[in-house]
Structure formats: C-alpha cells, structure tokens
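**Q** Questions regarding the structure given below will be posed in turn.
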Amino acid sequence: MNTVRVNLGSRSYDIVITPGDPAGIGPFVRSALRKASTALVVCDANTQAHGRTVEATLTAAGLRTGFATVPAGEPSKCMEQLAKLYDALYDLAADRSTAVVAVGGGVIGDLAGFAAASYNRGLPLVMVPTTSLSMVDSSVGGKTGINHPKGKNLIGAFHQPAGVWIDLSYLDTLPEREFLSGLAEVVKYGVILDAEFFAYLEANAAAVRARTPQALAHIVSRSCRLKADVVEKDEHETTGLRAILNYGHTFAHAFETCGGYGSLLHGEAVSIGMECAARLARKMELIGADFVARQTKLLQAIALPIVPPAQWPTDELIAVMRRDKKAVGGQMRFILPTQLGAVKLFDNVPEPLVRDVLESR
Ligand SMILES: NC(=O)c1ccc[n+]([C@@H]2O[C@H](COP(=O)([O-])OP(=O)(O)OC[C@H]3O[C@@H](n4cnc5c(N)ncnc54)[C@H](O)[C@@H]3O)[C@@H](O)[C@H]2O)c1
Ligand SMILES: [Zn+2]
C-alpha cells in the first residue's frame, strides 16, 4: 500500500494506492470522514460489480447506503443523469454527513463529483477510480462537471475529494484499448515534469503494458504525485501553472472535435497531440531531434497512435484550435517542451508551422 498526500490546507486528502484490497474502502471512508453516517455509491453498468463490493464494505463499516447506476459512457455527463443523482440523494435523506462515493472512470467521477459539489451546497466526495485514466488524472485535483449540449465540461465546479481509493485490481476488467489510452497521460507527466520517470517508462514499457503489479503501482503513484504537485501550486487554475497539464491537448481537442467524439479515445487523441506538439517544438528549435524520437518510440512501445487520421482537413483543425478555450483572441497557444521534463506556454505560434506539422502526416 502506498499513500500520496495532496496538501491543500483544510482541503488536504490522501490518495491510497493498493494492489487489491476489496474490504479496505469501508475503513478508509470511515477514517477520511469521521462524521459520515450515509453514503451514495455511484457507478455505471460496467463498474456495478465493483460498486456492489464497495457498498458491502461501507455497510460493514456501519454506514447506511444508497446505490445509483447510470449508463456507461460520456453522454451520461448530462443534466438528466445529474438530476437522477439528486433524486437518489433526496431519497437517501442526504445531508452533510452523506458521502458520495464515485466508483468508475472519469465520467462517473466528474458526474458524481458535481452532484456532490452542488447538492445541499456541498457533500463530501470519495473517488474510487476504476480506469487507468481516472487513476492517474481525473480523480485527482478537484475538477468536477458535466457537458453542455454545445460544449464539453462547460458546467462544473472545483470540489476536492475527501479521499481517493485506488484499487489496482479493478484494472483487471478494463478493456485493453481503454487501459492503453489512459497511459498517454502517464507519458505526458514524464515529458512535462520528470525526465527520470520518462526514462523509467522507456525501460519498463513492456511491464506496464502487461499490467504487472509493481509497474502499475509505480506509474499510478508517481503520476498522482506529479499531478498533485501542480494542483497544490495552482488549485483553481489562476496562476497558469495548471495549464502545463494541457500538453498535447490543444491538438487533441481539435482531433476529438473534428473526428466526432468517440472516434478516438481521449488518451489516443492526446498521444497524437503530444507527437504533433513535439514536432512543432522541433520546428521552433526548442528541442532536438533526439527528444522527438524518444517520445515517438515510447508512445509506440505503448501501442498508442501517433498519426492524425488523414481525412481530417487541416483548415478545420486549425479553426477549432483558434476557438480552443486556451486560445486568447484567436491566437493559438501551445504548451511545448523546452527539454525533457520541462514545458512552457507559447502564445502566438505561427500558423504555417502548425499547418506544416498537421500536413506532414
Ligand atoms: N476531472 C478531471 O480532472 C478530468 C481529467 C481528465 C478527464 N476527465 C473526464 O474523464 C472522462 C473520461 O474518463 P475515462 O477515460 O475513465 O472514461 P469512462 O469513465 O467513460 O470509462 C471508460 C469505459 O470503461 C468502462 N469501465 C470503467 N472502469 C472499468 C473497469 N474497471 N472494468 C471494465 N470497464 C470499465 C466504463 O464503463 C466506460 O465504458 C471524460 O469525460 C473526461 O472529460 C476529467
Ligand atoms: Zn487529458
């Protein structure tokens, strides 16, 4: 067992990473939330079995429980499913001693997290991530929310969890493509913050892909630590530091938008986006050719895509990048590497260079 502490003053919390301890979550919730008397377990159809196990240990720990299931997938981050969670909380007679326990991937974490942030002006939240992406990214940092029909994550709130319980054995049931997709964010942390971690991933790519317990424990705890370090310094995205987590994401969002949500998984889009960002940084002479080659090789070793599908028109991709919420006044902004383990924000990147990167596919 491994603990990563997120230091945010009165909102500090622990992320516990265990290789497999199905009975541990009840006592964990009890210790993180001494006053909790009830809990609403939220899951989707694919994480229901894990949710039931969690519910049983919460009951054994003396909590009265409710259980809510939403359909699997991104469309559940909507008003209708949010309203169903509010109903479930009402039926449970929820008050501030009620914990919302999110058992699932980023969709469940964001949706249940936002229900917790808003019901009764805020209920305590415990994250139990079950996908690689949610273990290394979405369950840490306090961003919660749902989608507006016209835009992703437009309705939301910062609401830090009271604790995060990561049981690595939950990954046993996660399909390969989903698992690999989440690893793009892990590579991202190495590139933006930690050259040594990047080298670890290069040396252990096969073990990571094979989901060996030691490799999983290391990459999840290191990723959580690195993300927590950034969140601790810029909790509410006010200093600009938190933006470094968007490395590869300006391109990725354009791919996700033009390809239609669902054609690429988020991590796959991020992988192609990081490849494009590295090539852009090379064109701007920020980094050497060896950097680009190492990143490409690592992404390929993890079986992640690196080439944007040819059918997406460059003009359309560029138009989306200009509208990106990180773009200011239509200028394109990119987080780009200056060396392995360090990135900077670049405003006003010349469009011809971006075009070049997109067209040399
Ligand atoms: N809040 C944040 O900081 C943050 C950060 C990154 C991403 N996100 C959000 O996270 C979401 C993506 O998260 P995701 O990639 O985890 O997707 P997801 O929650 O949709 O999960 C992917 C799929 O795997 C299934 N699944 C989950 N756990 C499983 C398991 N253990 N076994 C079998 N199947 C399982 C789910 O039912 C779903 O079908 C997006 O909505 C994104 O906006 C939020
Ligand atoms: Zn991402």
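Numbering starts fresh at 1 for the residues of each chain in the structure tokens, the chains themselves are lettered A, B, ... in the order given, and ligands are numbered from 1 as they appear.
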Please return as a ChimeraX atom specification the residues found within 8 Å of ligand 2, counting only C-alpha atoms and all ligand atoms.
**A** /A:137,185,245-246,249,266-267,270
**Q** Go ahead and write the residues just picked, N, CA, C and O atoms, as a PDB file, in the first residue's frame.
**A**
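Dumped everything to again.pdb:
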```
ATOM      1  N   ASP A 137      -5.354  10.670 -13.409  1.00  0.00           N
ATOM      2  CA  ASP A 137      -5.685  12.032 -13.833  1.00  0.00           C
ATOM      3  C   ASP A 137      -6.967  12.570 -13.204  1.00  0.00           C
ATOM      4  O   ASP A 137      -6.936  13.391 -12.286  1.00  0.00           O
ATOM      5  N   GLU A 185      -1.623   9.870 -20.661  1.00  0.00           N
ATOM      6  CA  GLU A 185      -1.484  10.920 -19.639  1.00  0.00           C
ATOM      7  C   GLU A 185      -0.250  10.634 -18.761  1.00  0.00           C
ATOM      8  O   GLU A 185       0.392  11.557 -18.261  1.00  0.00           O
ATOM      9  N   LEU A 245      -0.555  20.930 -17.671  1.00  0.00           N
ATOM     10  CA  LEU A 245      -1.188  19.603 -17.781  1.00  0.00           C
ATOM     11  C   LEU A 245      -1.877  19.445 -19.136  1.00  0.00           C
ATOM     12  O   LEU A 245      -2.295  18.349 -19.495  1.00  0.00           O
ATOM     13  N   ASN A 246      -1.998  20.552 -19.867  1.00  0.00           N
ATOM     14  CA  ASN A 246      -2.650  20.501 -21.178  1.00  0.00           C
ATOM     15  C   ASN A 246      -1.684  20.227 -22.327  1.00  0.00           C
ATOM     16  O   ASN A 246      -2.031  20.401 -23.489  1.00  0.00           O
ATOM     17  N   HIS A 249      -2.830  18.742 -25.571  1.00  0.00           N
ATOM     18  CA  HIS A 249      -4.293  18.796 -25.541  1.00  0.00           C
ATOM     19  C   HIS A 249      -4.904  19.796 -26.529  1.00  0.00           C
ATOM     20  O   HIS A 249      -6.063  19.657 -26.884  1.00  0.00           O
ATOM     21  N   HIS A 266      -9.940   9.624 -25.575  1.00  0.00           N
ATOM     22  CA  HIS A 266      -9.241  10.853 -25.200  1.00  0.00           C
ATOM     23  C   HIS A 266      -7.714  10.660 -25.177  1.00  0.00           C
ATOM     24  O   HIS A 266      -6.973  11.448 -25.755  1.00  0.00           O
ATOM     25  N   GLY A 267      -7.248   9.603 -24.546  1.00  0.00           N
ATOM     26  CA  GLY A 267      -5.796   9.376 -24.446  1.00  0.00           C
ATOM     27  C   GLY A 267      -5.163   9.151 -25.810  1.00  0.00           C
ATOM     28  O   GLY A 267      -4.012   9.540 -26.045  1.00  0.00           O
ATOM     29  N   VAL A 270      -4.696  12.486 -27.211  1.00  0.00           N
ATOM     30  CA  VAL A 270      -3.592  13.147 -26.515  1.00  0.00           C
ATOM     31  C   VAL A 270      -2.246  12.618 -27.025  1.00  0.00           C
ATOM     32  O   VAL A 270      -1.285  13.370 -27.203  1.00  0.00           O
TER      33      VAL A 270
END
```
**Q** For ligand 1, return the neighbouring residues as JSON, numbers by chain (distance at most 6 Å; only C-alpha atoms and all ligand atoms).
**A** {"A": [44, 46, 47, 72, 73, 74, 104, 105, 106, 107, 108, 110, 130, 131, 133, 134, 137, 138, 143, 144, 170, 171, 173, 174]}
**Q** Store the residues picked out above, limited to C-alpha atoms, as a JSON list (two decimals), in the first residue's frame.
**A**
```json
[["chain", "number", "residue", "atom", "x", "y", "z"],
["A", 44, "ASP", "CA", -22.11, 2.74, -14.33],
["A", 46, "ASN", "CA", -19.57, -1.69, -16.29],
["A", 47, "THR", "CA", -18.47, -0.84, -12.76],
["A", 72, "ALA", "CA", -21.82, 3.83, -19.29],
["A", 73, "GLY", "CA", -20.18, 6.47, -21.46],
["A", 74, "GLU", "CA", -19.68, 10.19, -21.98],
["A", 104, "GLY", "CA", -15.92, 4.27, -12.06],
["A", 105, "GLY", "CA", -13.92, 6.10, -14.69],
["A", 106, "GLY", "CA", -13.70, 9.83, -15.36],
["A", 107, "VAL", "CA", -17.33, 10.01, -16.43],
["A", 108, "ILE", "CA", -18.59, 8.77, -13.06],
["A", 110, "ASP", "CA", -16.98, 14.06, -12.98],
["A", 130, "THR", "CA", -11.55, 2.17, -11.96],
["A", 131, "THR", "CA", -9.88, 3.18, -15.27],
["A", 133, "LEU", "CA", -7.17, 7.49, -16.92],
["A", 134, "SER", "CA", -9.18, 8.18, -13.79],
["A", 137, "ASP", "CA", -5.69, 12.03, -13.83],
["A", 138, "SER", "CA", -9.37, 12.78, -13.33],
["A", 143, "LYS", "CA", -12.39, 19.30, -11.19],
["A", 144, "THR", "CA", -15.97, 18.04, -11.49],
["A", 170, "TYR", "CA", -10.05, -3.01, -10.66],
["A", 171, "LEU", "CA", -7.96, -2.64, -13.82],
["A", 173, "THR", "CA", -11.59, -5.99, -16.03],
["A", 174, "LEU", "CA", -10.70, -2.87, -18.06]]
```
**Q** Quick one: everything within 12 Å of Leu154 in chain A, counting only C-alpha atoms, minus sequence neighbours fewer than 4 positions away in the same chain. Send it as a list in words.
**A**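 Skipping anything fewer than 4 positions along the chain leaves Lys77, Cys78, Met79, Asp110, Phe114, Lys143, Thr144, Gly145, Ile146, Asn147, His148, Pro149, Lys150 and Lys325 of chain A.
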**Q** At a cut-off of 10 Å, using only C-alpha atoms, what residues contact Gln81 in chain A? Leave out same-chain residues fewer than 5 positions from it and give the result as an NGL selection string.
**A** :A and (69-71 or 75-76 or 86-87 or 111-112 or 115 or 146)
**Q** Which is closest to Gly51 in chain A among A:Pro161, A:Ala39, A:Leu89, A:Ser118, if we use only C-alpha atoms?
**A**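 Nearest to Gly51 in chain A: A:Ala39.
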**Q** Name the residues of range 71-295 of chain A that fall into helix (DSSP H, G or I) according to DSSP on the backbone, using the chain letters and numbers of this document, as a PyMOL selection string.
**A** chain A and resi 74-76+79-91+106-121+132-138+168-173+176-193+195-209+213-233+241-246+249-258+266-283+289-295
**Q** For the selection just defined, write its residues with C-alpha atoms to a file, as a CSV table (one decimal), in the first residue's frame.
**A**
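Ended up saving to selection.csv:
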```
chain,number,residue,atom,x,y,z
A,74,GLU,CA,-19.7,10.2,-22.0
A,75,PRO,CA,-23.4,11.0,-22.7
A,76,SER,CA,-24.1,10.4,-19.0
A,79,MET,CA,-28.4,17.2,-16.7
A,80,GLU,CA,-30.7,14.2,-16.9
A,81,GLN,CA,-28.3,11.9,-15.1
A,82,LEU,CA,-27.3,14.6,-12.7
A,83,ALA,CA,-31.0,15.0,-11.8
A,84,LYS,CA,-31.3,11.3,-11.1
A,85,LEU,CA,-28.4,11.5,-8.7
A,86,TYR,CA,-30.1,14.5,-6.9
A,87,ASP,CA,-33.2,12.3,-6.6
A,88,ALA,CA,-31.2,9.4,-5.2
A,89,LEU,CA,-29.6,11.8,-2.7
A,90,TYR,CA,-33.1,13.1,-1.7
A,91,ASP,CA,-34.4,9.6,-1.3
A,106,GLY,CA,-13.7,9.8,-15.4
A,107,VAL,CA,-17.3,10.0,-16.4
A,108,ILE,CA,-18.6,8.8,-13.1
A,109,GLY,CA,-16.0,10.8,-11.2
A,110,ASP,CA,-17.0,14.1,-13.0
A,111,LEU,CA,-20.8,13.5,-12.8
A,112,ALA,CA,-21.0,12.2,-9.2
A,113,GLY,CA,-18.3,14.7,-8.2
A,114,PHE,CA,-20.5,17.6,-9.5
A,115,ALA,CA,-23.6,16.1,-7.8
A,116,ALA,CA,-21.5,16.2,-4.5
A,117,ALA,CA,-20.3,19.7,-5.2
A,118,SER,CA,-23.7,21.1,-5.7
A,119,TYR,CA,-26.3,19.1,-3.7
A,120,ASN,CA,-27.1,20.7,-0.3
A,121,ARG,CA,-24.3,23.2,-1.2
A,132,SER,CA,-6.2,4.0,-15.9
A,133,LEU,CA,-7.2,7.5,-16.9
A,134,SER,CA,-9.2,8.2,-13.8
A,135,MET,CA,-6.5,6.7,-11.5
A,136,VAL,CA,-3.7,8.9,-12.9
A,137,ASP,CA,-5.7,12.0,-13.8
A,138,SER,CA,-9.4,12.8,-13.3
A,168,LEU,CA,-5.3,-1.5,-8.9
A,169,SER,CA,-7.1,-4.9,-9.2
A,170,TYR,CA,-10.1,-3.0,-10.7
A,171,LEU,CA,-8.0,-2.6,-13.8
A,172,ASP,CA,-8.2,-6.4,-14.4
A,173,THR,CA,-11.6,-6.0,-16.0
A,176,GLU,CA,-7.0,-3.2,-23.4
A,177,ARG,CA,-7.8,-0.1,-25.6
A,178,GLU,CA,-9.2,1.9,-22.6
A,179,PHE,CA,-6.2,0.8,-20.5
A,180,LEU,CA,-3.6,1.9,-23.1
A,181,SER,CA,-5.4,5.2,-23.7
A,182,GLY,CA,-5.0,6.2,-20.1
A,183,LEU,CA,-1.3,5.7,-20.3
A,184,ALA,CA,-1.0,8.7,-22.7
A,185,GLU,CA,-1.5,10.9,-19.6
A,186,VAL,CA,1.2,9.0,-17.8
A,187,VAL,CA,3.7,9.6,-20.6
A,188,LYS,CA,2.6,13.3,-20.5
A,189,TYR,CA,3.7,13.6,-16.8
A,190,GLY,CA,7.1,12.3,-17.7
A,191,VAL,CA,7.5,14.8,-20.6
A,192,ILE,CA,6.3,17.9,-18.8
A,193,LEU,CA,7.7,17.3,-15.3
A,195,ALA,CA,12.7,13.1,-17.1
A,196,GLU,CA,13.6,10.3,-14.7
A,197,PHE,CA,10.1,9.0,-14.8
A,198,PHE,CA,10.1,9.2,-18.6
A,199,ALA,CA,13.3,7.0,-18.6
A,200,TYR,CA,11.5,4.6,-16.2
A,201,LEU,CA,8.6,4.3,-18.7
A,202,GLU,CA,11.1,3.7,-21.6
A,203,ALA,CA,12.8,0.9,-19.6
A,204,ASN,CA,9.5,-0.7,-18.4
A,205,ALA,CA,7.1,-0.2,-21.2
A,206,ALA,CA,6.5,-3.9,-21.6
A,207,ALA,CA,5.9,-4.4,-17.9
A,208,VAL,CA,3.5,-1.5,-17.9
A,209,ARG,CA,1.6,-2.9,-20.9
A,213,PRO,CA,1.5,-5.0,-10.2
A,214,GLN,CA,4.9,-3.4,-9.4
A,215,ALA,CA,4.9,-1.3,-12.6
A,216,LEU,CA,1.2,-0.3,-12.1
A,217,ALA,CA,1.9,0.7,-8.5
A,218,HIS,CA,4.8,2.9,-9.6
A,219,ILE,CA,3.2,4.6,-12.5
A,220,VAL,CA,0.0,5.4,-10.7
A,221,SER,CA,1.6,6.7,-7.5
A,222,ARG,CA,4.2,8.8,-9.5
A,223,SER,CA,1.5,10.2,-11.8
A,224,CYS,CA,-0.7,11.1,-8.8
A,225,ARG,CA,2.3,12.8,-7.0
A,226,LEU,CA,3.2,14.8,-10.1
A,227,LYS,CA,-0.4,15.9,-10.7
A,228,ALA,CA,-0.8,16.7,-7.0
A,229,ASP,CA,2.3,18.9,-7.1
A,230,VAL,CA,0.8,21.0,-9.8
A,231,VAL,CA,-2.6,21.2,-8.2
A,232,GLU,CA,-1.1,22.2,-4.8
A,233,LYS,CA,0.5,25.2,-6.5
A,241,LEU,CA,0.8,26.7,-13.9
A,242,ARG,CA,-2.0,24.1,-14.1
A,243,ALA,CA,-2.1,24.7,-17.9
A,244,ILE,CA,1.1,22.6,-18.3
A,245,LEU,CA,-1.2,19.6,-17.8
A,246,ASN,CA,-2.7,20.5,-21.2
A,249,HIS,CA,-4.3,18.8,-25.5
A,250,THR,CA,-4.7,21.8,-28.0
A,251,PHE,CA,-4.2,19.4,-30.8
A,252,ALA,CA,-6.1,16.6,-29.1
A,253,HIS,CA,-9.2,18.7,-28.6
A,254,ALA,CA,-9.2,19.5,-32.3
A,255,PHE,CA,-8.9,15.8,-33.2
A,256,GLU,CA,-11.7,14.9,-30.8
A,257,THR,CA,-13.9,17.7,-32.2
A,258,CYS,CA,-13.3,17.1,-35.9
A,266,HIS,CA,-9.2,10.9,-25.2
A,267,GLY,CA,-5.8,9.4,-24.4
A,268,GLU,CA,-5.4,8.3,-28.1
A,269,ALA,CA,-6.1,11.9,-29.2
A,270,VAL,CA,-3.6,13.1,-26.5
A,271,SER,CA,-0.9,10.7,-27.8
A,272,ILE,CA,-1.3,12.1,-31.4
A,273,GLY,CA,-1.4,15.6,-29.9
A,274,MET,CA,1.9,15.1,-28.0
A,275,GLU,CA,3.5,13.8,-31.2
A,276,CYS,CA,2.4,17.0,-33.0
A,277,ALA,CA,3.4,19.2,-30.1
A,278,ALA,CA,6.9,17.7,-30.1
A,279,ARG,CA,7.3,18.1,-33.8
A,280,LEU,CA,6.1,21.7,-33.5
A,281,ALA,CA,8.6,22.4,-30.7
A,282,ARG,CA,11.3,20.9,-33.0
A,283,LYS,CA,10.3,23.2,-35.9
A,289,ALA,CA,15.5,15.6,-32.9
A,290,ASP,CA,16.5,13.1,-30.2
A,291,PHE,CA,13.7,14.3,-28.0
A,292,VAL,CA,11.0,13.8,-30.7
A,293,ALA,CA,12.4,10.4,-31.5
A,294,ARG,CA,12.4,9.2,-27.8
A,295,GLN,CA,8.8,10.4,-27.3
```
**Q** Please indicate the distance in Å from CA of Leu299 in chain A to CA of Ile287 in chain A, rounded to one decimal place.
**A** 17.8 Å
**Q** Rounded to one decimal, what separation in Å do you get between CA of Ala99 in chain A and CA of Leu33 in chain A?
**A**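 Value for the CA of Ala99 in chain A-CA of Leu33 in chain A distance: 8.1 Å.
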**Q** Tell me which protein, DNA and RNA residues are within 10 Å of Gly24 in chain A, counting only C-alpha atoms, leaving out same-chain ones fewer than 2 positions away, and put them as a PDB file with all heavy atoms, in the first residue's frame.
**A**
```pdb
ATOM      1  N   THR A  18      -3.584   0.700  -3.570  1.00  0.00           N
ATOM      2  CA  THR A  18      -3.399  -0.666  -3.079  1.00  0.00           C
ATOM      3  C   THR A  18      -3.445  -1.646  -4.252  1.00  0.00           C
ATOM      4  O   THR A  18      -4.183  -1.433  -5.210  1.00  0.00           O
ATOM      5  CB  THR A  18      -4.478  -1.030  -2.017  1.00  0.00           C
ATOM      6  OG1 THR A  18      -4.692  -2.444  -2.049  1.00  0.00           O
ATOM      7  CG2 THR A  18      -5.795  -0.372  -2.310  1.00  0.00           C
ATOM      8  N   GLY A  20      -4.767  -4.463  -4.265  1.00  0.00           N
ATOM      9  CA  GLY A  20      -6.050  -5.174  -4.274  1.00  0.00           C
ATOM     10  C   GLY A  20      -6.498  -5.422  -2.854  1.00  0.00           C
ATOM     11  O   GLY A  20      -5.915  -6.248  -2.151  1.00  0.00           O
ATOM     12  N   ASP A  21      -7.499  -4.664  -2.412  1.00  0.00           N
ATOM     13  CA  ASP A  21      -7.966  -4.784  -1.032  1.00  0.00           C
ATOM     14  C   ASP A  21      -9.448  -4.420  -1.016  1.00  0.00           C
ATOM     15  O   ASP A  21      -9.834  -3.334  -0.606  1.00  0.00           O
ATOM     16  CB  ASP A  21      -7.145  -3.830  -0.141  1.00  0.00           C
ATOM     17  CG  ASP A  21      -7.605  -3.850   1.300  1.00  0.00           C
ATOM     18  OD1 ASP A  21      -8.428  -4.714   1.656  1.00  0.00           O
ATOM     19  OD2 ASP A  21      -7.145  -2.980   2.067  1.00  0.00           O
ATOM     20  N   PRO A  22     -10.310  -5.357  -1.495  1.00  0.00           N
ATOM     21  CA  PRO A  22     -11.728  -5.033  -1.646  1.00  0.00           C
ATOM     22  C   PRO A  22     -12.400  -4.620  -0.344  1.00  0.00           C
ATOM     23  O   PRO A  22     -13.359  -3.840  -0.358  1.00  0.00           O
ATOM     24  CB  PRO A  22     -12.345  -6.321  -2.199  1.00  0.00           C
ATOM     25  CG  PRO A  22     -11.261  -7.337  -2.274  1.00  0.00           C
ATOM     26  CD  PRO A  22      -9.955  -6.691  -1.925  1.00  0.00           C
ATOM     27  N   GLY A  26     -14.253   0.586   3.088  1.00  0.00           N
ATOM     28  CA  GLY A  26     -15.123   0.977   4.219  1.00  0.00           C
ATOM     29  C   GLY A  26     -14.323   1.683   5.310  1.00  0.00           C
ATOM     30  O   GLY A  26     -14.610   2.840   5.661  1.00  0.00           O
ATOM     31  N   PRO A  27     -13.286   1.014   5.839  1.00  0.00           N
ATOM     32  CA  PRO A  27     -12.457   1.675   6.861  1.00  0.00           C
ATOM     33  C   PRO A  27     -11.811   2.962   6.350  1.00  0.00           C
ATOM     34  O   PRO A  27     -11.662   3.931   7.098  1.00  0.00           O
ATOM     35  CB  PRO A  27     -11.382   0.624   7.180  1.00  0.00           C
ATOM     36  CG  PRO A  27     -12.014  -0.690   6.811  1.00  0.00           C
ATOM     37  CD  PRO A  27     -12.956  -0.415   5.678  1.00  0.00           C
ATOM     38  N   PHE A  28     -11.457   3.009   5.068  1.00  0.00           N
ATOM     39  CA  PHE A  28     -10.842   4.228   4.510  1.00  0.00           C
ATOM     40  C   PHE A  28     -11.829   5.403   4.580  1.00  0.00           C
ATOM     41  O   PHE A  28     -11.477   6.502   5.008  1.00  0.00           O
ATOM     42  CB  PHE A  28     -10.395   3.980   3.066  1.00  0.00           C
ATOM     43  CG  PHE A  28      -9.873   5.208   2.366  1.00  0.00           C
ATOM     44  CD1 PHE A  28      -8.649   5.777   2.734  1.00  0.00           C
ATOM     45  CD2 PHE A  28     -10.587   5.799   1.337  1.00  0.00           C
ATOM     46  CE1 PHE A  28      -8.158   6.910   2.089  1.00  0.00           C
ATOM     47  CE2 PHE A  28     -10.103   6.938   0.682  1.00  0.00           C
ATOM     48  CZ  PHE A  28      -8.886   7.493   1.066  1.00  0.00           C
ATOM     49  N   VAL A  29     -13.073   5.148   4.167  1.00  0.00           N
ATOM     50  CA  VAL A  29     -14.083   6.218   4.205  1.00  0.00           C
ATOM     51  C   VAL A  29     -14.320   6.653   5.649  1.00  0.00           C
ATOM     52  O   VAL A  29     -14.391   7.838   5.955  1.00  0.00           O
ATOM     53  CB  VAL A  29     -15.404   5.759   3.538  1.00  0.00           C
ATOM     54  CG1 VAL A  29     -16.524   6.774   3.752  1.00  0.00           C
ATOM     55  CG2 VAL A  29     -15.189   5.544   2.034  1.00  0.00           C
ATOM     56  N   VAL A  54     -17.962  -2.321  -3.024  1.00  0.00           N
ATOM     57  CA  VAL A  54     -17.716  -1.122  -2.229  1.00  0.00           C
ATOM     58  C   VAL A  54     -18.877  -0.889  -1.259  1.00  0.00           C
ATOM     59  O   VAL A  54     -18.680  -0.648  -0.060  1.00  0.00           O
ATOM     60  CB  VAL A  54     -17.529   0.117  -3.154  1.00  0.00           C
ATOM     61  CG1 VAL A  54     -17.575   1.417  -2.358  1.00  0.00           C
ATOM     62  CG2 VAL A  54     -16.220   0.002  -3.934  1.00  0.00           C
ATOM     63  N   THR A  57     -18.740  -3.131   1.801  1.00  0.00           N
ATOM     64  CA  THR A  57     -17.761  -2.791   2.850  1.00  0.00           C
ATOM     65  C   THR A  57     -18.166  -1.515   3.589  1.00  0.00           C
ATOM     66  O   THR A  57     -17.830  -1.340   4.754  1.00  0.00           O
ATOM     67  CB  THR A  57     -16.325  -2.649   2.300  1.00  0.00           C
ATOM     68  OG1 THR A  57     -16.219  -1.415   1.600  1.00  0.00           O
ATOM     69  CG2 THR A  57     -15.958  -3.780   1.375  1.00  0.00           C
ATOM     70  N   LEU A  58     -18.900  -0.641   2.885  1.00  0.00           N
ATOM     71  CA  LEU A  58     -19.382   0.567   3.576  1.00  0.00           C
ATOM     72  C   LEU A  58     -20.437   0.178   4.610  1.00  0.00           C
ATOM     73  O   LEU A  58     -20.455   0.697   5.731  1.00  0.00           O
ATOM     74  CB  LEU A  58     -19.971   1.565   2.567  1.00  0.00           C
ATOM     75  CG  LEU A  58     -18.971   2.208   1.600  1.00  0.00           C
ATOM     76  CD1 LEU A  58     -19.697   3.018   0.527  1.00  0.00           C
ATOM     77  CD2 LEU A  58     -17.981   3.108   2.346  1.00  0.00           C
ATOM     78  N   ALA A  61     -18.879  -1.213   7.516  1.00  0.00           N
ATOM     79  CA  ALA A  61     -18.236  -0.182   8.343  1.00  0.00           C
ATOM     80  C   ALA A  61     -19.279   0.671   9.087  1.00  0.00           C
ATOM     81  O   ALA A  61     -18.944   1.658   9.726  1.00  0.00           O
ATOM     82  CB  ALA A  61     -17.360   0.715   7.464  1.00  0.00           C
ATOM     83  N   TRP A 165      -9.426   6.386  -3.311  1.00  0.00           N
ATOM     84  CA  TRP A 165      -9.069   4.989  -3.031  1.00  0.00           C
ATOM     85  C   TRP A 165      -8.804   4.299  -4.368  1.00  0.00           C
ATOM     86  O   TRP A 165      -9.723   4.111  -5.171  1.00  0.00           O
ATOM     87  CB  TRP A 165     -10.224   4.313  -2.292  1.00  0.00           C
ATOM     88  CG  TRP A 165      -9.995   2.861  -1.987  1.00  0.00           C
ATOM     89  CD1 TRP A 165     -10.488   1.795  -2.683  1.00  0.00           C
ATOM     90  CD2 TRP A 165      -9.242   2.308  -0.896  1.00  0.00           C
ATOM     91  NE1 TRP A 165     -10.077   0.618  -2.110  1.00  0.00           N
ATOM     92  CE2 TRP A 165      -9.313   0.895  -1.009  1.00  0.00           C
ATOM     93  CE3 TRP A 165      -8.489   2.867   0.160  1.00  0.00           C
ATOM     94  CZ2 TRP A 165      -8.677   0.038  -0.106  1.00  0.00           C
ATOM     95  CZ3 TRP A 165      -7.870   2.007   1.059  1.00  0.00           C
ATOM     96  CH2 TRP A 165      -7.971   0.624   0.931  1.00  0.00           C
ATOM     97  N   ASP A 167      -7.743   1.016  -6.100  1.00  0.00           N
ATOM     98  CA  ASP A 167      -7.505  -0.427  -6.014  1.00  0.00           C
ATOM     99  C   ASP A 167      -7.105  -0.889  -7.419  1.00  0.00           C
ATOM    100  O   ASP A 167      -7.932  -0.944  -8.333  1.00  0.00           O
ATOM    101  CB  ASP A 167      -8.787  -1.123  -5.535  1.00  0.00           C
ATOM    102  CG  ASP A 167      -8.574  -2.606  -5.285  1.00  0.00           C
ATOM    103  OD1 ASP A 167      -7.786  -3.231  -6.039  1.00  0.00           O
ATOM    104  OD2 ASP A 167      -9.197  -3.153  -4.359  1.00  0.00           O
TER     105      ASP A 167
END
```
**Q** Could you work out how far CA of Val126 in chain A lies from CA of Gly163 in chain A, giving the answer in Å with one decimal?
**A** 5.2 Å
**Q** Could you give me the residues within range 130-227 of chain A that DSSP places in strand (DSSP E or B), as a PyMOL selection string?
**A** chain A and resi 143-148+151-158+163-167
**Q** Store the residues picked out above in a file with C-alpha atoms, as an mmCIF file, in the first residue's frame.
**A**
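For reference, again-v1.cif as written:
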```cif
data_model
loop_
_atom_site.group_PDB
_atom_site.id
_atom_site.type_symbol
_atom_site.label_atom_id
_atom_site.label_comp_id
_atom_site.auth_asym_id
_atom_site.auth_seq_id
_atom_site.Cartn_x
_atom_site.Cartn_y
_atom_site.Cartn_z
ATOM 1 C CA LYS A 143 -12.394 19.298 -11.190
ATOM 2 C CA THR A 144 -15.968 18.042 -11.488
ATOM 3 C CA GLY A 145 -18.647 18.716 -14.042
ATOM 4 C CA ILE A 146 -20.963 17.749 -16.852
ATOM 5 C CA ASN A 147 -21.233 18.626 -20.546
ATOM 6 C CA HIS A 148 -23.485 21.230 -22.129
ATOM 7 C CA GLY A 151 -19.550 22.056 -25.292
ATOM 8 C CA LYS A 152 -17.628 19.615 -23.105
ATOM 9 C CA ASN A 153 -17.224 20.238 -19.368
ATOM 10 C CA LEU A 154 -18.963 23.624 -19.546
ATOM 11 C CA ILE A 155 -20.910 23.198 -16.302
ATOM 12 C CA GLY A 156 -18.828 22.350 -13.286
ATOM 13 C CA ALA A 157 -17.144 23.214 -10.037
ATOM 14 C CA PHE A 158 -13.907 22.713 -8.187
ATOM 15 C CA GLY A 163 -10.064 10.874 -0.208
ATOM 16 C CA VAL A 164 -9.161 8.791 -3.257
ATOM 17 C CA TRP A 165 -9.069 4.989 -3.031
ATOM 18 C CA ILE A 166 -7.172 3.356 -5.904
ATOM 19 C CA ASP A 167 -7.505 -0.427 -6.014
#
```
